[in-house]
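All remarks here apply to the structure that follows.
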Amino acid sequence: KLYKLPSQTLLEIESEFLLGPELDWDDLLGRENLKSLLTKESQTWDKLSSADAESLIKEELLAPMGTQEIWAAGVTYYRSRTARMEESQDAGGADFYDKVYAADRPELFFKATPSRVSSPGGKVNIRKDSTWDVPEPELTMLISPSGKVQGFTVGNDMSSRSIEGENPLYLPQAKVYQGCASIGPCILIQDSISESTEISLEIYRNGELAASGKTNLTQLKRKPQELAGWLFRGNTFPVGCFLMTGTGIVPDDFTLAKGDEIKISIEGIGTLENTVGLI
Ligand code: DO4
Ligand code: MG
């Protein structure tokens, strides 16, 4: 059965909603075997009509996380490798991307603390000192403290292409700032995901489609559990963590502007929507 967690009190099992007591995200996501825990706990939870569940979701949906850190993998799709080689040509950094795409060790970087993460429906930001900005639609894993993949959500790794393209050493400034990430609208609780899963992006400006793209997980060069294994080398995560798996969609000749609406969908999980602000 498909289990989805839009919030720590709301569980969706095959389109049936159950409302539970106020649980703590850290306590919940920090457990191993989340699916069996939820199966057991939810037996006493109240059934909720889908209309009530939907209005609850609309009213108070927050990013499905407690104090977990968000990390990200990069250059895991050929499309990302090529786009980055192009944008960093003048800086002479192109070679790094090609090498990391082929290397055994993946690119992994720290992405966001919870306070920098936007809620579904909230604002993600572009920086005032950046001239070229894109959302990066990424399958995002929930990983348990022991390093097991427990679930998947939709992630947006907001990125400044002008800052990263100027010099790869500027990566933390291109990637980590207030409102640089968003995850949600729920966590799909399962330890693996089908390779045929589609990821799509739509960006609307003044109500009109301004950019779009599509990919699927057959294009992801590394297995989710393999990426999790690298992240857990030399690192511990007492309440688990999230890991974005990299982008396979890079819109051509496009930069985000304040007010744009971003919709990222992953088949079987849902759609993460955010508007763009300026910081
Ligand atoms: O090398 C920089 C970041 C790569 C990235 O975020 C991605 O490929 O998704
Ligand atoms: Mg990315």
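Naming works like this for the structure tokens: A, B, ... for the chains as they're shown, residue 1 at the start of each chain, ligands 1 onward in shown order.
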Contacts between ligand 2 and chain A, please, where a residue of chain A counts if it comes within 9 Å (with only C-alpha atoms and all ligand atoms); show its shortest atom pair and distance in Å to one decimal, rows by chain and ascending number, as CSV.
```
residue,atom,partner,partner_atom_place_in_ligand_line,distance
A:Ala72,CA,ligand 2,1 (Mg),6.6
A:Ala73,CA,ligand 2,1 (Mg),6.6
A:Gly74,CA,ligand 2,1 (Mg),5.4
A:Val75,CA,ligand 2,1 (Mg),7.6
A:Thr76,CA,ligand 2,1 (Mg),8.9
A:Ser80,CA,ligand 2,1 (Mg),8.2
A:Pro135,CA,ligand 2,1 (Mg),8.4
A:Glu136,CA,ligand 2,1 (Mg),5.4
A:Pro137,CA,ligand 2,1 (Mg),7.6
A:Glu138,CA,ligand 2,1 (Mg),6.9
A:Asn156,CA,ligand 2,1 (Mg),7.9
A:Asp157,CA,ligand 2,1 (Mg),5.1
A:Met158,CA,ligand 2,1 (Mg),7.4
A:Ser159,CA,ligand 2,1 (Mg),7.2
A:Lys175,CA,ligand 2,1 (Mg),8.4
A:Met244,CA,ligand 2,1 (Mg),7.2
A:Thr245,CA,ligand 2,1 (Mg),7.3
A:Gly246,CA,ligand 2,1 (Mg),4.4
A:Thr247,CA,ligand 2,1 (Mg),5.0
A:Gly248,CA,ligand 2,1 (Mg),8.6
```
Export of prior selection with N, CA and C atoms as a compact mmCIF listing (two decimals), in the first residue's frame:
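In the end it all went to again-v6.txt:
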```
# COMPACT_ATOMS: atom_id res chain seq x y z
N ALA A 72 22.56 17.76 -0.81
CA ALA A 72 22.21 17.58 -2.23
C ALA A 72 23.35 16.92 -2.99
N ALA A 73 22.97 16.15 -3.98
CA ALA A 73 23.94 15.56 -4.90
C ALA A 73 23.91 16.39 -6.18
N GLY A 74 25.01 16.41 -6.91
CA GLY A 74 25.05 17.21 -8.14
C GLY A 74 25.65 16.43 -9.29
N VAL A 75 25.32 16.89 -10.50
CA VAL A 75 25.87 16.32 -11.73
C VAL A 75 25.60 14.80 -11.79
N THR A 76 24.40 14.45 -11.46
CA THR A 76 23.99 13.04 -11.48
C THR A 76 23.19 12.71 -12.74
N SER A 80 22.65 17.88 -16.53
CA SER A 80 23.24 18.82 -15.56
C SER A 80 24.73 19.00 -15.86
N PRO A 135 15.14 27.02 -10.95
CA PRO A 135 14.79 26.00 -9.95
C PRO A 135 15.40 24.68 -10.40
N GLU A 136 15.75 23.80 -9.50
CA GLU A 136 16.21 22.47 -9.90
C GLU A 136 15.27 21.44 -9.29
N PRO A 137 14.47 20.80 -10.15
CA PRO A 137 13.49 19.80 -9.67
C PRO A 137 14.21 18.49 -9.33
N GLU A 138 14.16 18.07 -8.08
CA GLU A 138 14.96 16.91 -7.69
C GLU A 138 14.18 15.94 -6.80
N ASN A 156 13.15 21.21 -4.48
CA ASN A 156 13.59 22.27 -5.38
C ASN A 156 14.91 22.82 -4.85
N ASP A 157 15.98 22.57 -5.60
CA ASP A 157 17.33 23.05 -5.26
C ASP A 157 17.56 24.35 -6.03
N MET A 158 17.04 25.47 -5.49
CA MET A 158 17.18 26.76 -6.19
C MET A 158 18.66 27.09 -6.38
N SER A 159 19.00 27.56 -7.56
CA SER A 159 20.41 27.73 -7.89
C SER A 159 20.67 29.00 -8.70
N LYS A 175 24.12 28.29 -3.91
CA LYS A 175 23.18 27.26 -3.48
C LYS A 175 22.53 27.46 -2.12
N MET A 244 18.79 15.56 -1.70
CA MET A 244 18.30 15.80 -3.07
C MET A 244 19.22 15.04 -4.02
N THR A 245 18.66 14.49 -5.07
CA THR A 245 19.44 13.57 -5.92
C THR A 245 19.97 14.20 -7.21
N GLY A 246 19.85 15.53 -7.34
CA GLY A 246 20.38 16.20 -8.53
C GLY A 246 19.29 16.46 -9.56
N THR A 247 19.58 17.39 -10.45
CA THR A 247 18.56 17.75 -11.44
C THR A 247 18.85 17.18 -12.82
N GLY A 248 17.78 16.78 -13.48
CA GLY A 248 17.89 16.32 -14.87
C GLY A 248 17.17 17.30 -15.79
```
Could you pull the residues within 12 Å of Trp132 of chain A, counting only C-alpha atoms, minus those fewer than 4 positions along the same chain, as a list in words?
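These residues fall inside the cut-off: Glu87, Ile126, Arg127, Lys128, Met158, Ser159, Ser160, Arg161, Ser162, Ile163, Glu164, Gly165, Glu166, Ala174, Pro251, Asp252, Asp253, Phe254, Thr255, Leu256 and Ala257 of chain A.
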Select from segment 66-176 of chain A everything DSSP, run on the backbone, classes as strand (DSSP E or B), then give the selection as number ranges by chain.
A: 70-74, 107-112, 117-118, 123-126, 133-134, 137-143, 149-157, 159-160
Output the selection as a short mmCIF file (atom, residue, chain, number, x, y, z; two decimals), in the first residue's frame - N, CA and C atoms for each residue.
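Wrote it out as part.cif, contents follow:
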```
data_model
loop_
_atom_site.label_atom_id
_atom_site.label_comp_id
_atom_site.auth_asym_id
_atom_site.auth_seq_id
_atom_site.Cartn_x
_atom_site.Cartn_y
_atom_site.Cartn_z
N ILE A 70 19.20 19.42 5.00
CA ILE A 70 19.04 18.97 3.62
C ILE A 70 20.42 19.02 2.95
N TRP A 71 20.79 17.91 2.35
CA TRP A 71 22.01 17.83 1.55
C TRP A 71 21.61 17.61 0.09
N ALA A 72 22.56 17.76 -0.81
CA ALA A 72 22.21 17.58 -2.23
C ALA A 72 23.35 16.92 -2.99
N ALA A 73 22.97 16.15 -3.98
CA ALA A 73 23.94 15.56 -4.90
C ALA A 73 23.91 16.39 -6.18
N GLY A 74 25.01 16.41 -6.91
CA GLY A 74 25.05 17.21 -8.14
C GLY A 74 25.65 16.43 -9.29
N GLU A 107 29.36 14.14 -6.40
CA GLU A 107 29.38 15.46 -5.78
C GLU A 107 28.26 15.49 -4.75
N LEU A 108 28.58 15.81 -3.51
CA LEU A 108 27.57 15.98 -2.45
C LEU A 108 27.87 17.31 -1.78
N PHE A 109 26.83 18.08 -1.52
CA PHE A 109 27.08 19.35 -0.84
C PHE A 109 25.96 19.65 0.16
N PHE A 110 26.30 20.46 1.15
CA PHE A 110 25.31 20.87 2.15
C PHE A 110 24.35 21.86 1.49
N LYS A 111 23.07 21.66 1.63
CA LYS A 111 22.11 22.53 0.94
C LYS A 111 21.37 23.50 1.88
N ALA A 112 20.75 22.98 2.94
CA ALA A 112 19.93 23.91 3.74
C ALA A 112 19.65 23.40 5.14
N VAL A 117 14.44 26.71 4.50
CA VAL A 117 13.59 25.93 3.61
C VAL A 117 12.18 26.54 3.54
N SER A 118 11.65 26.70 2.34
CA SER A 118 10.29 27.24 2.17
C SER A 118 9.26 26.13 2.20
N LYS A 123 7.25 31.06 -0.55
CA LYS A 123 8.19 31.71 -1.45
C LYS A 123 9.57 31.09 -1.42
N VAL A 124 10.12 30.80 -2.57
CA VAL A 124 11.56 30.49 -2.67
C VAL A 124 12.20 31.75 -3.25
N ASN A 125 13.47 31.95 -2.95
CA ASN A 125 14.09 33.22 -3.36
C ASN A 125 15.14 33.08 -4.45
N ILE A 126 15.28 34.19 -5.20
CA ILE A 126 16.47 34.38 -6.02
C ILE A 126 17.24 35.54 -5.38
N ASP A 133 19.10 32.61 -12.75
CA ASP A 133 18.59 31.74 -11.68
C ASP A 133 17.59 30.71 -12.21
N VAL A 134 17.69 29.52 -11.65
CA VAL A 134 16.76 28.45 -12.06
C VAL A 134 16.32 27.63 -10.84
N PRO A 137 14.47 20.80 -10.15
CA PRO A 137 13.49 19.80 -9.67
C PRO A 137 14.21 18.49 -9.33
N GLU A 138 14.16 18.07 -8.08
CA GLU A 138 14.96 16.91 -7.69
C GLU A 138 14.18 15.94 -6.80
N LEU A 139 14.25 14.68 -7.17
CA LEU A 139 13.76 13.63 -6.28
C LEU A 139 14.58 13.73 -5.00
N THR A 140 13.89 13.79 -3.87
CA THR A 140 14.58 14.01 -2.59
C THR A 140 14.28 12.87 -1.64
N MET A 141 15.37 12.30 -1.09
CA MET A 141 15.19 11.13 -0.21
C MET A 141 15.12 11.54 1.25
N LEU A 142 14.30 10.81 2.00
CA LEU A 142 14.36 10.87 3.46
C LEU A 142 15.22 9.68 3.88
N ILE A 143 16.26 9.94 4.64
CA ILE A 143 17.18 8.87 5.05
C ILE A 143 17.18 8.76 6.57
N VAL A 149 17.24 4.46 3.14
CA VAL A 149 16.24 5.29 2.47
C VAL A 149 14.87 4.89 3.01
N GLN A 150 14.12 5.89 3.51
CA GLN A 150 12.81 5.61 4.14
C GLN A 150 11.67 6.18 3.34
N GLY A 151 11.97 7.16 2.49
CA GLY A 151 10.89 7.81 1.76
C GLY A 151 11.41 8.79 0.74
N PHE A 152 10.46 9.35 -0.01
CA PHE A 152 10.81 10.28 -1.08
C PHE A 152 9.86 11.46 -1.07
N THR A 153 10.41 12.64 -1.39
CA THR A 153 9.57 13.81 -1.55
C THR A 153 10.04 14.59 -2.77
N VAL A 154 9.32 15.67 -3.07
CA VAL A 154 9.70 16.52 -4.20
C VAL A 154 10.59 17.63 -3.66
N GLY A 155 11.69 17.91 -4.32
CA GLY A 155 12.59 18.96 -3.84
C GLY A 155 12.90 19.99 -4.92
N ASN A 156 13.15 21.21 -4.48
CA ASN A 156 13.59 22.27 -5.38
C ASN A 156 14.91 22.82 -4.85
N ASP A 157 15.98 22.57 -5.60
CA ASP A 157 17.33 23.05 -5.26
C ASP A 157 17.56 24.35 -6.03
N SER A 159 19.00 27.56 -7.56
CA SER A 159 20.41 27.73 -7.89
C SER A 159 20.67 29.00 -8.70
N SER A 160 21.77 29.66 -8.34
CA SER A 160 22.22 30.79 -9.16
C SER A 160 23.25 30.27 -10.15
#
```
When distances are computed from only C-alpha atoms and all ligand atoms, which of A:Phe96, A:Phe232, A:Tyr204, A:Phe237 shows the smallest separation from ligand 1?
A:Phe96
Atomic separation - atom CA of Ser194 of chain A relative to atom CA of Ser144 of chain A, Å:
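That distance, rounded to one decimal, is 20.0 Å.
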Can you work out the spacing between atom CA of Val239 of chain A and atom CA of Gly270 of chain A in Å, to one decimal?
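Computed distance, atom CA of Val239 of chain A to atom CA of Gly270 of chain A, equals 24.4 Å.
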Mind checking which residues fall within 8 Å of Pro145 of chain A, counting only C-alpha atoms, ignoring those fewer than 5 positions away in the same chain, and posting them as a list in words?
Gly30, Arg31, Glu32, Thr236, Phe237, Pro238, Val239, Gly240 and Cys241 of chain A
Distance of atom CA of Glu226 of chain A from atom CA of Ser192 of chain A, expressed in Å to one decimal place:
11.8 Å
Near segment 11-20 of chain A, within 12 Å and counting only C-alpha atoms, which residues show up once chain neighbours fewer than 2 positions away are dropped, as an NGL selection string?
:A and (1-9 or 22-24 or 35 or 38-54 or 56-57 or 64 or 186-189 or 268-269)
When distances are computed from only C-alpha atoms and all ligand atoms, which of A:Glu195, A:Glu261, A:Asp98, A:Glu59 shows the smallest separation from ligand 1?
A:Asp98
Which of segment 3-160 of chain A DSSP labels alpha helix (DSSP H), written as a ChimeraX atom specification
/A:25-29,34-41,50-60,78-87,94-102
Have a look at A:Leu201, A:Ala210, A:Leu220, A:Leu37 and name the one nearest to ligand 1; count only C-alpha atoms and all ligand atoms.
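Once distances to ligand 1 are computed over only C-alpha atoms and all ligand atoms, the minimum belongs to A:Leu220.
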So that I can check the surroundings of Asp95 of chain A, please list as a PDB file with N, CA, C and O atoms, in the first residue's frame every protein, DNA and RNA residue that reaches within 10 Å of it, counting only C-alpha atoms and ignoring chain neighbours fewer than 3 positions away.
```pdb
ATOM      1  N   ARG A  81      25.409  17.902 -16.159  1.00  0.00           N
ATOM      2  CA  ARG A  81      26.839  17.945 -16.503  1.00  0.00           C
ATOM      3  C   ARG A  81      27.071  18.915 -17.661  1.00  0.00           C
ATOM      4  O   ARG A  81      27.920  19.801 -17.613  1.00  0.00           O
ATOM      5  N   ARG A  84      26.273  22.672 -16.954  1.00  0.00           N
ATOM      6  CA  ARG A  84      27.269  23.296 -16.071  1.00  0.00           C
ATOM      7  C   ARG A  84      28.591  23.502 -16.782  1.00  0.00           C
ATOM      8  O   ARG A  84      29.299  24.478 -16.546  1.00  0.00           O
ATOM      9  N   MET A  85      28.950  22.582 -17.671  1.00  0.00           N
ATOM     10  CA  MET A  85      30.189  22.759 -18.444  1.00  0.00           C
ATOM     11  C   MET A  85      30.064  24.015 -19.304  1.00  0.00           C
ATOM     12  O   MET A  85      31.007  24.784 -19.433  1.00  0.00           O
ATOM     13  N   SER A  88      30.228  27.378 -17.147  1.00  0.00           N
ATOM     14  CA  SER A  88      31.489  27.693 -16.458  1.00  0.00           C
ATOM     15  C   SER A  88      32.674  27.751 -17.418  1.00  0.00           C
ATOM     16  O   SER A  88      33.819  27.784 -16.985  1.00  0.00           O
ATOM     17  N   GLN A  89      32.406  27.768 -18.733  1.00  0.00           N
ATOM     18  CA  GLN A  89      33.484  27.748 -19.722  1.00  0.00           C
ATOM     19  C   GLN A  89      34.500  28.877 -19.520  1.00  0.00           C
ATOM     20  O   GLN A  89      35.697  28.634 -19.498  1.00  0.00           O
ATOM     21  N   GLY A  92      36.921  28.369 -16.779  1.00  0.00           N
ATOM     22  CA  GLY A  92      37.823  27.217 -16.937  1.00  0.00           C
ATOM     23  C   GLY A  92      37.463  26.075 -16.016  1.00  0.00           C
ATOM     24  O   GLY A  92      38.279  25.191 -15.751  1.00  0.00           O
ATOM     25  N   ASP A  98      32.622  17.284 -15.827  1.00  0.00           N
ATOM     26  CA  ASP A  98      32.758  16.067 -16.613  1.00  0.00           C
ATOM     27  C   ASP A  98      33.368  14.964 -15.747  1.00  0.00           C
ATOM     28  O   ASP A  98      32.917  13.816 -15.739  1.00  0.00           O
ATOM     29  N   LYS A  99      34.404  15.349 -14.993  1.00  0.00           N
ATOM     30  CA  LYS A  99      35.103  14.357 -14.159  1.00  0.00           C
ATOM     31  C   LYS A  99      34.218  13.816 -13.056  1.00  0.00           C
ATOM     32  O   LYS A  99      34.210  12.620 -12.772  1.00  0.00           O
ATOM     33  N   VAL A 100      33.458  14.689 -12.417  1.00  0.00           N
ATOM     34  CA  VAL A 100      32.638  14.222 -11.283  1.00  0.00           C
ATOM     35  C   VAL A 100      31.465  13.372 -11.774  1.00  0.00           C
ATOM     36  O   VAL A 100      31.022  12.459 -11.076  1.00  0.00           O
TER      37      VAL A 100
END
```
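Nearest residue to ligand 1, choosing from A:Ser119, A:Asn235, A:Gln190, A:Gln173 and counting only C-alpha atoms and all ligand atoms: A:Gln173.
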Nearest to ligand 1 by atom-to-atom distance, counting only C-alpha atoms and all ligand atoms, from A:Lys214, A:Arg205, A:Lys148, A:Lys221:
A:Lys221
Calculated over only C-alpha atoms, which of the candidates A:Lys58, A:Asp27, A:Pro106, A:Gln68 has the smallest distance to Lys223 of chain A?
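Checking each candidate against Lys223 of chain A, we get A:Pro106 as the closest.
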